[in-house]
Structures are given as structure tokens and as C-alpha cells.
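File shown: data.tsv. Contents: TSV, C-alpha atoms and all ligand atoms.
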```tsv
chain	number	residue	atom	x	y	z
Z	29	MET	CA	94.71	200.54	33.53
Z	30	PHE	CA	91.16	201.37	34.56
Z	31	GLN	CA	90.92	198.45	36.98
Z	32	ASN	CA	89.86	200.52	39.98
Z	33	PRO	CA	89.36	204.19	40.87
Z	34	SER	CA	92.86	204.67	42.27
Z	35	CYS	CA	94.49	203.26	39.11
Z	36	TRP	CA	92.20	205.47	37.12
Z	37	VAL	CA	93.43	208.54	38.96
Z	38	ILE	CA	97.04	207.55	38.34
Z	39	THR	CA	96.28	207.01	34.68
Z	40	ARG	CA	94.47	210.32	34.46
Z	41	ARG	CA	97.31	212.15	36.16
Z	42	THR	CA	99.90	210.67	33.85
Z	43	HIS	CA	97.83	211.46	30.82
Z	44	THR	CA	96.97	214.98	31.91
Z	45	LEU	CA	100.47	215.97	32.92
Z	46	ARG	CA	101.85	214.69	29.66
Z	47	ARG	CA	99.21	216.61	27.74
Z	48	LEU	CA	99.54	219.78	29.80
Z	49	ALA	CA	103.30	220.00	29.63
Z	50	PRO	CA	103.65	221.99	26.38
Z	51	SER	CA	101.06	224.62	27.28
Z	52	PRO	CA	100.93	226.56	30.57
Z	53	VAL	CA	97.33	227.64	29.93
Z	54	SER	CA	95.80	224.21	29.35
Z	55	ARG	CA	94.11	222.98	32.54
Z	56	SER	CA	91.53	220.24	32.85
Z	57	VAL	CA	89.14	220.15	35.80
Z	58	GLY	CA	90.89	216.98	36.95
Z	59	GLY	CA	94.25	218.69	36.63
Z	60	LEU	CA	93.08	221.67	38.66
Z	61	LEU	CA	91.72	219.54	41.47
Z	62	ARG	CA	94.74	217.27	41.58
Z	63	ARG	CA	97.41	219.91	41.27
Z	64	GLY	CA	95.78	222.53	43.47
Z	65	PHE	CA	94.43	225.94	42.59
Z	66	PHE	CA	96.70	228.10	40.47
Z	67	THR	CA	96.70	231.60	41.90
Z	68	SER	CA	98.61	233.14	39.01
Z	69	PRO	CA	97.81	231.21	35.83
Z	70	ALA	CA	99.39	232.23	32.58
Z	71	ARG	CA	97.23	234.96	31.07
Z	72	HIS	CA	98.23	234.86	27.44
Z	73	VAL	CA	97.88	232.28	24.75
Z	74	HIS	CA	100.91	232.33	22.48
Z	75	SER	CA	98.92	232.22	19.29
Z	76	VAL	CA	100.22	232.33	15.76
Z	77	GLU	CA	98.80	235.84	15.45
Z	78	GLU	CA	100.78	237.06	18.42
Z	79	VAL	CA	103.97	235.59	17.04
Z	80	LEU	CA	103.35	237.15	13.65
Z	81	SER	CA	102.33	240.52	15.04
Z	82	GLN	CA	105.60	240.65	16.94
Z	83	GLU	CA	107.26	240.41	13.55
Z	84	GLY	CA	105.03	243.09	12.08
Z	85	SER	CA	102.73	240.74	10.11
Z	86	SER	CA	99.54	241.19	12.13
Z	87	SER	CA	97.24	241.38	9.09
Z	88	ARG	CA	97.36	237.61	8.71
Z	89	PRO	CA	94.56	235.90	10.68
Z	90	SER	CA	95.33	233.23	13.23
Z	91	ILE	CA	93.45	229.96	13.63
Z	92	PHE	CA	93.34	230.55	17.39
Z	93	ASP	CA	91.33	233.73	16.94
Z	94	GLU	CA	88.56	231.63	15.44
Z	95	PHE	CA	88.33	229.66	18.68
Z	96	SER	CA	88.20	232.76	20.86
Z	97	LEU	CA	85.05	233.28	22.90
Z	98	ARG	CA	86.25	236.52	24.41
Z	99	GLY	CA	83.25	238.56	25.55
Z	100	ARG	CA	80.75	235.86	24.62
Z	101	VAL	CA	78.07	234.67	26.99
Z	102	GLY	CA	76.68	231.21	27.46
Z	103	VAL	CA	74.99	228.62	29.60
Z	104	VAL	CA	76.02	225.04	30.36
Z	105	SER	CA	73.46	222.80	32.03
Z	106	GLY	CA	74.65	220.00	34.30
Z	107	ALA	CA	77.93	221.85	34.90
Z	108	ASN	CA	78.18	221.32	38.63
Z	109	ARG	CA	80.45	218.37	37.84
Z	110	GLY	CA	81.49	215.87	35.19
Z	111	LEU	CA	81.52	216.58	31.49
Z	112	GLY	CA	79.47	219.78	31.88
Z	113	LEU	CA	82.02	221.31	34.25
Z	114	GLU	CA	84.92	220.27	32.02
Z	115	MET	CA	83.20	221.92	29.05
Z	116	ALA	CA	82.37	225.06	31.04
Z	117	LEU	CA	86.03	225.41	31.97
Z	118	ALA	CA	87.11	225.03	28.33
Z	119	LEU	CA	84.67	227.75	27.24
Z	120	CYS	CA	85.85	230.07	30.00
Z	121	GLU	CA	89.49	229.50	29.03
Z	122	LEU	CA	88.53	230.68	25.57
Z	123	GLY	CA	87.30	233.90	27.17
Z	124	ALA	CA	83.57	233.33	27.73
Z	125	LYS	CA	81.29	234.27	30.60
Z	126	ILE	CA	79.54	231.01	31.44
Z	127	TYR	CA	76.56	230.36	33.67
Z	128	ALA	CA	76.17	226.81	34.94
Z	129	ILE	CA	72.73	225.45	35.71
Z	130	ASP	CA	72.43	222.38	37.91
Z	131	LEU	CA	70.26	220.78	40.59
Z	132	PRO	CA	72.08	221.22	43.92
Z	133	SER	CA	71.15	224.39	45.81
Z	134	THR	CA	74.85	225.17	46.29
Z	135	PRO	CA	77.71	224.31	43.93
Z	136	SER	CA	80.15	221.48	44.55
Z	137	HIS	CA	83.70	221.89	45.80
Z	138	GLU	CA	84.99	221.10	42.29
Z	139	PHE	CA	82.77	223.77	40.80
Z	140	LYS	CA	83.92	226.41	43.31
Z	141	THR	CA	87.58	225.53	42.68
Z	142	VAL	CA	87.14	225.84	38.93
Z	143	ALA	CA	85.14	229.09	39.27
Z	144	SER	CA	87.95	230.62	41.37
Z	145	HIS	CA	90.48	229.52	38.78
Z	146	VAL	CA	88.41	231.14	36.03
Z	147	LYS	CA	88.13	234.36	38.04
Z	148	ALA	CA	91.90	234.43	38.53
Z	149	MET	CA	92.42	234.11	34.77
Z	150	GLY	CA	90.62	237.46	34.47
Z	151	GLU	CA	90.08	239.29	31.17
Z	152	GLY	CA	86.30	239.17	31.53
Z	153	ARG	CA	86.06	235.44	32.10
Z	154	LYS	CA	83.39	234.30	34.52
Z	155	LEU	CA	81.89	231.03	35.76
Z	156	GLU	CA	78.75	231.46	37.85
Z	157	TYR	CA	76.39	228.93	39.34
Z	158	ILE	CA	72.60	228.91	39.05
Z	159	ASN	CA	70.45	226.41	40.88
Z	160	GLY	CA	67.83	225.11	38.44
Z	161	ASP	CA	66.08	222.02	37.12
Z	162	VAL	CA	66.17	221.69	33.33
Z	163	THR	CA	62.83	219.87	33.36
Z	164	ASP	CA	61.12	223.08	34.52
Z	165	GLN	CA	60.62	224.91	31.24
Z	166	MET	CA	59.51	228.25	32.68
Z	167	THR	CA	62.25	228.39	35.32
Z	168	ILE	CA	64.97	227.60	32.79
Z	169	ARG	CA	63.56	230.19	30.41
Z	170	ALA	CA	63.46	232.81	33.16
Z	171	GLU	CA	67.02	232.06	34.29
Z	172	VAL	CA	68.39	232.21	30.76
Z	173	GLU	CA	66.49	235.46	30.14
Z	174	LYS	CA	68.09	236.93	33.25
Z	175	ILE	CA	71.53	236.04	31.90
Z	176	GLY	CA	70.75	237.78	28.61
Z	177	MET	CA	69.44	240.88	30.37
Z	178	LYS	CA	72.46	241.05	32.67
Z	179	GLU	CA	75.12	240.47	30.01
Z	180	GLY	CA	73.45	242.11	27.01
Z	181	ARG	CA	74.11	239.18	24.67
Z	182	PHE	CA	73.79	235.42	24.38
Z	183	ASP	CA	76.03	233.24	22.24
Z	184	VAL	CA	76.57	229.69	23.46
Z	185	CYS	CA	74.47	226.91	24.98
Z	186	VAL	CA	75.69	223.49	26.04
Z	187	ALA	CA	72.84	221.24	27.21
Z	188	ALA	CA	74.77	218.61	29.17
Z	189	ALA	CA	72.43	217.78	32.08
Z	190	GLY	CA	71.47	214.14	31.91
Z	191	ILE	CA	70.80	210.98	33.88
Z	192	LEU	CA	71.44	207.34	33.09
Z	193	GLY	CA	68.38	205.87	34.77
Z	194	PRO	CA	67.86	202.28	35.82
Z	195	SER	CA	69.17	199.16	34.12
Z	196	THR	CA	65.89	197.32	33.75
Z	197	PRO	CA	64.63	194.91	31.10
Z	198	ALA	CA	62.51	196.81	28.60
Z	199	LEU	CA	59.49	194.61	29.19
Z	200	GLU	CA	59.52	195.37	32.90
Z	201	LEU	CA	60.40	199.07	32.91
Z	202	ASP	CA	57.94	201.15	34.89
Z	203	ALA	CA	56.30	204.07	33.06
Z	204	ARG	CA	57.52	206.58	35.64
Z	205	GLU	CA	61.14	205.44	35.31
Z	206	PHE	CA	60.95	205.64	31.52
Z	207	GLU	CA	59.34	209.08	31.65
Z	208	LYS	CA	61.85	210.40	34.19
Z	209	VAL	CA	64.82	209.65	31.93
Z	210	LEU	CA	63.05	211.09	28.88
Z	211	HIS	CA	62.01	214.13	30.92
Z	212	VAL	CA	65.58	215.07	31.87
Z	213	ASN	CA	67.50	213.88	28.82
Z	214	ALA	CA	65.10	214.91	26.07
Z	215	ASN	CA	62.64	217.47	27.49
Z	216	GLY	CA	65.33	219.12	29.64
Z	217	VAL	CA	67.73	219.44	26.71
Z	218	PHE	CA	64.92	220.89	24.61
Z	219	TYR	CA	63.88	223.46	27.24
Z	220	THR	CA	67.51	224.53	27.70
Z	221	ALA	CA	68.14	224.87	23.95
Z	222	GLN	CA	64.80	226.60	23.47
Z	223	ALA	CA	65.51	229.17	26.17
Z	224	ALA	CA	68.98	229.84	24.76
Z	225	GLY	CA	67.72	230.07	21.18
Z	226	ARG	CA	65.14	232.70	22.21
Z	227	GLU	CA	67.91	234.84	23.73
Z	228	MET	CA	70.17	234.37	20.70
Z	229	ILE	CA	67.38	235.59	18.42
Z	230	LYS	CA	66.77	238.55	20.71
Z	231	PHE	CA	70.37	239.78	20.44
Z	232	GLY	CA	70.80	238.91	16.77
Z	233	ASN	CA	74.41	237.73	16.88
Z	234	GLY	CA	73.66	234.15	15.87
Z	235	GLY	CA	74.92	231.49	18.23
Z	236	SER	CA	75.90	227.89	18.85
Z	237	ILE	CA	73.75	225.34	20.65
Z	238	ILE	CA	75.42	222.05	21.51
Z	239	MET	CA	73.31	219.22	22.86
Z	240	ILE	CA	75.19	216.47	24.66
Z	241	ALA	CA	73.75	213.27	23.29
Z	242	SER	CA	75.70	210.01	23.42
Z	243	MET	CA	76.95	207.28	21.15
Z	244	SER	CA	74.00	205.45	22.77
Z	245	GLY	CA	71.77	207.52	20.51
Z	246	THR	CA	73.33	205.81	17.50
Z	247	VAL	CA	74.27	202.35	18.78
Z	248	THR	CA	72.98	200.38	21.75
Z	249	ASN	CA	75.35	199.44	24.53
Z	250	ARG	CA	75.88	195.72	24.37
Z	251	ASP	CA	74.58	193.81	27.43
Z	252	HIS	CA	73.11	196.95	29.06
Z	253	LYS	CA	69.36	197.34	29.51
Z	254	TRP	CA	69.15	201.08	28.98
Z	255	VAL	CA	66.13	201.41	26.73
Z	256	ALA	CA	65.06	204.74	28.24
Z	257	TYR	CA	68.54	206.29	28.08
Z	258	ASN	CA	69.18	205.10	24.54
Z	259	THR	CA	65.77	206.34	23.41
Z	260	SER	CA	66.35	209.74	25.00
Z	261	LYS	CA	69.71	210.17	23.29
Z	262	SER	CA	68.29	209.27	19.88
Z	263	ALA	CA	65.61	211.88	20.51
Z	264	VAL	CA	68.32	214.48	21.13
Z	265	LEU	CA	69.95	213.72	17.77
Z	266	GLN	CA	66.73	214.35	15.88
Z	267	MET	CA	65.87	217.34	18.07
Z	268	ALA	CA	69.14	218.98	17.07
Z	269	ARG	CA	68.58	218.37	13.36
Z	270	SER	CA	65.06	219.80	13.61
Z	271	MET	CA	66.17	222.89	15.50
Z	272	ALA	CA	69.15	223.35	13.17
Z	273	CYS	CA	66.69	223.64	10.26
Z	274	GLU	CA	64.49	226.15	12.05
Z	275	LEU	CA	67.27	228.31	13.46
Z	276	GLY	CA	69.75	228.19	10.57
Z	277	PRO	CA	68.37	231.34	8.89
Z	278	GLU	CA	69.15	233.21	12.11
Z	279	GLN	CA	72.77	231.92	11.97
Z	280	ILE	CA	72.11	229.88	15.09
Z	281	ARG	CA	73.80	226.51	14.75
Z	282	VAL	CA	72.57	223.40	16.53
Z	283	ASN	CA	74.78	220.32	16.80
Z	284	THR	CA	75.11	217.28	19.02
Z	285	LEU	CA	78.21	215.93	20.69
Z	286	SER	CA	78.03	212.20	21.34
Z	287	PRO	CA	80.64	210.92	23.76
Z	288	GLY	CA	81.55	207.28	24.17
Z	289	HIS	CA	82.47	205.66	27.50
Z	290	ILE	CA	84.01	208.23	29.82
Z	291	TYR	CA	84.69	207.80	33.53
Z	292	THR	CA	82.57	210.35	35.44
Z	293	LYS	CA	80.39	210.11	38.54
Z	294	MET	CA	77.60	208.92	36.25
Z	295	THR	CA	79.53	205.91	34.98
Z	296	ALA	CA	81.47	205.42	38.23
Z	297	VAL	CA	78.29	204.03	39.75
Z	298	LEU	CA	78.67	201.05	37.40
Z	299	LEU	CA	82.43	200.90	36.92
Z	300	ASP	CA	83.25	200.97	40.62
Z	301	SER	CA	80.75	198.28	41.52
Z	302	GLN	CA	81.57	196.06	38.53
Z	303	PRO	CA	85.34	196.35	37.94
Z	304	GLU	CA	85.20	193.89	35.06
Z	305	LEU	CA	83.30	196.55	33.09
Z	306	HIS	CA	86.47	198.64	32.72
Z	307	ALA	CA	88.13	196.06	30.52
Z	308	LYS	CA	84.90	195.26	28.69
Z	309	TRP	CA	84.17	198.87	27.80
Z	310	ALA	CA	87.82	199.62	27.02
Z	311	SER	CA	88.00	196.70	24.60
Z	312	SER	CA	84.90	197.95	22.77
Z	313	ASN	CA	86.85	200.59	20.86
Z	314	PRO	CA	89.99	200.50	18.75
Z	315	LEU	CA	91.89	202.73	21.17
Z	316	GLY	CA	91.38	200.11	23.86
Z	317	ARG	CA	90.55	202.48	26.71
Z	318	LEU	CA	87.92	204.67	28.30
Z	319	GLY	CA	87.85	208.36	27.46
Z	320	LEU	CA	88.80	211.21	29.76
Z	321	PRO	CA	86.50	214.20	30.35
Z	322	GLU	CA	89.21	216.58	29.15
Z	323	GLU	CA	89.33	214.80	25.81
Z	324	LEU	CA	86.12	216.67	24.95
Z	325	ARG	CA	87.67	220.10	25.43
Z	326	GLY	CA	88.82	220.51	21.84
Z	327	VAL	CA	85.56	219.47	20.24
Z	328	ILE	CA	83.44	221.68	22.50
Z	329	ALA	CA	85.76	224.61	21.79
Z	330	TRP	CA	85.40	224.00	18.07
Z	331	LEU	CA	81.61	223.62	18.15
Z	332	ALA	CA	81.04	226.65	20.39
Z	333	SER	CA	83.29	229.00	18.46
Z	334	ASP	CA	83.61	230.60	15.05
Z	335	ALA	CA	85.96	227.77	14.09
Z	336	SER	CA	82.86	225.75	13.16
Z	337	THR	CA	80.61	228.38	11.56
Z	338	PHE	CA	79.52	226.10	8.69
Z	339	CYS	CA	78.70	223.15	10.95
Z	340	THR	CA	75.07	222.68	11.91
Z	341	GLY	CA	72.74	219.70	12.30
Z	342	SER	CA	75.75	217.45	12.76
Z	343	ASP	CA	76.45	214.78	15.33
Z	344	ILE	CA	80.09	214.62	16.39
Z	345	ILE	CA	80.85	211.21	17.88
Z	346	VAL	CA	83.86	211.15	20.19
Z	347	SER	CA	84.02	207.55	21.32
Z	348	GLY	CA	87.52	206.23	20.68
Z	349	GLY	CA	85.98	204.63	17.62
Z	350	HIS	CA	83.41	202.56	19.54
Z	351	THR	CA	80.77	202.98	16.85
Z	352	ILE	CA	82.98	201.94	13.92
Z	353	TRP	CA	83.15	198.28	14.99
U	401	LIG	N1	80.07	209.80	31.07
U	401	LIG	C1	79.83	209.19	29.93
U	401	LIG	O1	80.41	208.13	29.61
U	401	LIG	C2	78.85	209.77	28.96
U	401	LIG	C3	78.78	209.20	27.69
U	401	LIG	C4	77.89	209.72	26.77
U	401	LIG	C5	77.08	210.78	27.10
U	401	LIG	N2	77.16	211.32	28.36
U	401	LIG	C6	76.27	212.43	28.64
U	401	LIG	O2	77.02	213.55	29.06
U	401	LIG	C7	76.23	214.34	29.95
U	401	LIG	C8	77.02	214.56	31.23
U	401	LIG	O3	77.27	213.30	31.82
U	401	LIG	P1	78.32	213.06	32.99
U	401	LIG	O4	78.99	211.78	32.70
U	401	LIG	O5	79.11	214.28	33.21
U	401	LIG	O6	77.32	212.80	34.20
U	401	LIG	P2	77.24	213.43	35.67
U	401	LIG	O7	76.20	212.64	36.37
U	401	LIG	O8	78.60	213.49	36.28
U	401	LIG	O9	76.74	214.91	35.41
U	401	LIG	C9	75.42	215.18	35.04
U	401	LIG	C10	75.01	216.49	35.67
U	401	LIG	O10	73.67	216.77	35.25
U	401	LIG	C11	72.97	217.27	36.38
U	401	LIG	N3	71.53	217.08	36.23
U	401	LIG	C12	70.85	215.90	36.22
U	401	LIG	N4	69.53	216.14	36.14
U	401	LIG	C13	69.37	217.49	36.08
U	401	LIG	C14	68.25	218.35	36.00
U	401	LIG	N5	67.00	217.87	35.97
U	401	LIG	N6	68.45	219.68	35.96
U	401	LIG	C15	69.72	220.18	36.00
U	401	LIG	N7	70.81	219.42	36.10
U	401	LIG	C16	70.65	218.08	36.15
U	401	LIG	C17	73.54	216.47	37.55
U	401	LIG	O11	73.25	217.08	38.79
U	401	LIG	C18	75.01	216.42	37.20
U	401	LIG	O12	75.72	217.52	37.73
U	401	LIG	C19	74.92	213.57	30.15
U	401	LIG	O13	73.94	214.09	29.30
U	401	LIG	C20	75.29	212.16	29.75
U	401	LIG	O14	74.18	211.42	29.31
U	401	LIG	C21	78.03	210.83	29.28
```
As C-alpha cells - that is how I would like this structure written.
Amino acid sequence: MFQNPSCWVITRRTHTLRRLAPSPVSRSVGGLLRRGFFTSPARHVHSVEEVLSQEGSSSRPSIFDEFSLRGRVGVVSGANRGLGLEMALALCELGAKIYAIDLPSTPSHEFKTVASHVKAMGEGRKLEYINGDVTDQMTIRAEVEKIGMKEGRFDVCVAAAGILGPSTPALELDAREFEKVLHVNANGVFYTAQAAGREMIKFGNGGSIIMIASMSGTVTNRDHKWVAYNTSKSAVLQMARSMACELGPEQIRVNTLSPGHIYTKMTAVLLDSQPELHAKWASSNPLGRLGLPEELRGVIAWLASDASTFCTGSDIIVSGGHTIW
């Protein structure tokens, strides 16, 4: 397992197919790309409420309704690929209209495939691409304002754009390199959350802001010289707590999601060039493996939706237990 990219794909496929089997509507980005584009996806979730209503007991609420984002509007930064795209897909599956903000002037092939899939699911779902740099406060604010004006509401923000930066000893790290990582990972997350919060206040429906931090904000990664990255992620944790306090009275919740080691293009740069890292990282958690992007779908659905309405200022660590050792 996890010895090289091709094994990783096989492992992912096995895992995803096994997980997808019971539910025709559950599709990860990886699953979509590997299995091809589904032109006629299943349109209905067979929720408890539907089952009960068929038996004439529709007054009883269903847990799935609490996860619904039908008609809700949101932004996900860094969603051209990786964890951001996986999260954007999960939100769209729940019914949301999601706008992705990322650096490339045109979206990636994976993004376009997922956006077409979302469009085919219908029922108001939407995944649109916006070219933008999260470090540009005024541009991000203007883009998010445009979304609010166009859709007439604003409910969800996932600030996922981030960079790892160089692996350099702390005593030798150049100021510009340090600042660059902080600029994207801390300032960029703040500008994105700030822009979204302003729209949420404007429309008065409350909202959920989720900042993608990292377990590296809580623990340091053994043998890796990532002082800038680790510092930036700790900053995000405290940023979320601070904003949660300020925005709580407006029923705007602010939480962080802190993933552990997950194979994406960000980590592939290291894992593909140093294959021994697979086993090292995998053995750093009790589950004995790296995480999969789609293993964040459930937690992002919970944090973004009304299933978590009493959760704010919290950091949810999803790391296979890396931080408990
Ligand atoms: N992969 C992991 O193991 C892991 C673990 C913990 C936390 N994270 C965090 O999750 C988030 C997503 O990581 P990923 O693994 O999907 O990485 P990724 O490199 O695949 O995706 C990051 C995305 O952010 C975009 N981005 C970077 N700078 C930007 C900017 N200035 N403006 C707009 N977009 C920008 C990139 O273009 C890219 O699409 C990051 O914040 C990362 O720190 C990842």
C-alpha cells in the first residue's frame, strides 16, 4: 500500500468502490475521474424522511434534512483540485451552489469534469469557477460580493487554498519565503473568511465558515522543516476562534478542519520523490495509512450544514489519530 502512485491509485479505487457500493449518489472526485462522467446520476437521496413519508409519517424529521444545503450558496477557495475540489463536490451533492476560487486562469480538467457532473445532478446545484488570488483582499471581497449579488444569499465558506512552502531549516529560512507561506495560508484564509462573513451579515441568514488548517497547527511534523507552514496553520486555528467570538451573535459559525496526511498534488511532490515517506507517514497514526481526500466529505458536510448548528470555534482534527500518539 502507498508505495508508489500506481499502487495508490489501486488502493484508492478499491477503497472508493467499496465505499460507493451501497449508495448510488455517493461520488468522490477520484471516483468520478476514474469511472468516467455519469450522464444520468441518481437524483434522489433515499432519506429516512422519504421512507417515512411514503408510509404517511412525514411529520417526523430526518437526520438527512439537517445536512441538506439545497438552495444555499457558498465559496470554496483552492477548489481547482485536491481537497478543495473534493469538498466543493460534497457541498454540491448536498444541493448547494458553489463558487470555486483558485489561481489558474482556466479551470483544470478535473474541475470541469466535476462541474459537469454537478450540472447533470440538477435541482439547482451549481459549481462555477472564478479565477482569483486569495492574497488579494480587495479582489476576493469583490468576487464574493458579486456572488452574493447574483444569488441573493450567502451561506457557506470553505477557505482551503494553501501552500506547503519550502523545507528549509528555520535558522536559514529567507524572509520572503516565510512571508509567502503566511500570506497565502493565514492572510488568504482571513481575506476569504472576511469577505464571506460580510456577505453572510448582509443577508442575515447566519452561515458557516470553515477554515482548512492542518494537524500541523497543533503538532509539528517529525523530521520536516516546515516552520512557516506550521506557524501559518496555528494562526488559522486562533483566527477561527477569534472570528467565532465576533460573529457568533450573528449566528455565523467559524470552525477549522485539520486534516492529517492525505495524498494530494501538494503532498505528492514529497511522496513521489521520497517513496519511503509513505510508510513513515502511514505508521504515524493508529490506522496505519494515509487518508483519502474523500474521507473529508462527511465532516465538511456536517460543518457546512445545519447538522452542526451548535458547533463554533472548534477544531476538528481528521488525521487517522496522528495527534493522539
Ligand atoms: N494534503 C494534505 O495532506 C493536507 C493536510 C493538512 C492540511 N492540508 C491543507 O488543505 C488545503 C488543501 O490542500 P491540498 O492538499 O488539496 O493541496 P493542493 O495543492 O492540491 O490544493 C491547493 C489549492 O490551493 C490553490 N491556491 C494556492 N495558493 C492560492 C492563492 N494564493 N489563491 C487561490 N488559490 C490558491 C492551488 O492552486 C490549489 O488548487 C491546504 O490549505 C493544505 O494546507 C492538506
**Request:** Report as a ChimeraX atom specification which protein, DNA and RNA residues come within 6 Å of ligand LIG 401 (chain U), using all atoms listed in the file.
**Result:** /Z:105-112,130-131,160-163,188-191,212,240-242,286-295
**Request:** Could you check how far CA of Phe338 in chain Z sits from CA of Ala116 in chain Z, in Å to one decimal?
**Result:** 22.6 Å
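In this comparison, which uses all atoms listed in the file, the residue of Z:Glu94, Z:Glu121, Z:Glu205, Z:Glu304 approaching Arg153 in chain Z most closely is Z:Glu121.
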**Request:** Do a neighbour search on Asp334 in chain Z at 12 Å with all atoms listed in the file, toss out local chain neighbours closer than 6 positions, and write the hits as a PyMOL selection string.
**Result:** chain Z and resi 91-98+100+122+183-184+233-236+279-281+328
Expected file: the selected residues, C-alpha atoms, as a PDB file, in the frame of the given file:
```pdb
ATOM      1  CA  ILE Z  91      93.450 229.960  13.630  1.00  0.00           C
ATOM      2  CA  PHE Z  92      93.340 230.550  17.390  1.00  0.00           C
ATOM      3  CA  ASP Z  93      91.330 233.730  16.940  1.00  0.00           C
ATOM      4  CA  GLU Z  94      88.560 231.630  15.440  1.00  0.00           C
ATOM      5  CA  PHE Z  95      88.330 229.660  18.680  1.00  0.00           C
ATOM      6  CA  SER Z  96      88.200 232.760  20.860  1.00  0.00           C
ATOM      7  CA  LEU Z  97      85.050 233.280  22.900  1.00  0.00           C
ATOM      8  CA  ARG Z  98      86.250 236.520  24.410  1.00  0.00           C
ATOM      9  CA  ARG Z 100      80.750 235.860  24.620  1.00  0.00           C
ATOM     10  CA  LEU Z 122      88.530 230.680  25.570  1.00  0.00           C
ATOM     11  CA  ASP Z 183      76.030 233.240  22.240  1.00  0.00           C
ATOM     12  CA  VAL Z 184      76.570 229.690  23.460  1.00  0.00           C
ATOM     13  CA  ASN Z 233      74.410 237.730  16.880  1.00  0.00           C
ATOM     14  CA  GLY Z 234      73.660 234.150  15.870  1.00  0.00           C
ATOM     15  CA  GLY Z 235      74.920 231.490  18.230  1.00  0.00           C
ATOM     16  CA  SER Z 236      75.900 227.890  18.850  1.00  0.00           C
ATOM     17  CA  GLN Z 279      72.770 231.920  11.970  1.00  0.00           C
ATOM     18  CA  ILE Z 280      72.110 229.880  15.090  1.00  0.00           C
ATOM     19  CA  ARG Z 281      73.800 226.510  14.750  1.00  0.00           C
ATOM     20  CA  ILE Z 328      83.440 221.680  22.500  1.00  0.00           C
TER      21      ILE Z 328
END
```
**Message:** Considering all atoms listed in the file, can you say which of Z:Asp164, Z:Val186, Z:Lys140, Z:Gly232 comes closest to Ala329 in chain Z?
**Reply:** Z:Val186
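Between CA of Met166 in chain Z and CA of Gly216 in chain Z the separation is 11.2 Å.
Candidate residues Z:Met149, Z:Ile229, Z:Cys120, Z:Val264 were compared for distance to Gly176 in chain Z, and the nearest is Z:Ile229, using all atoms listed in the file.
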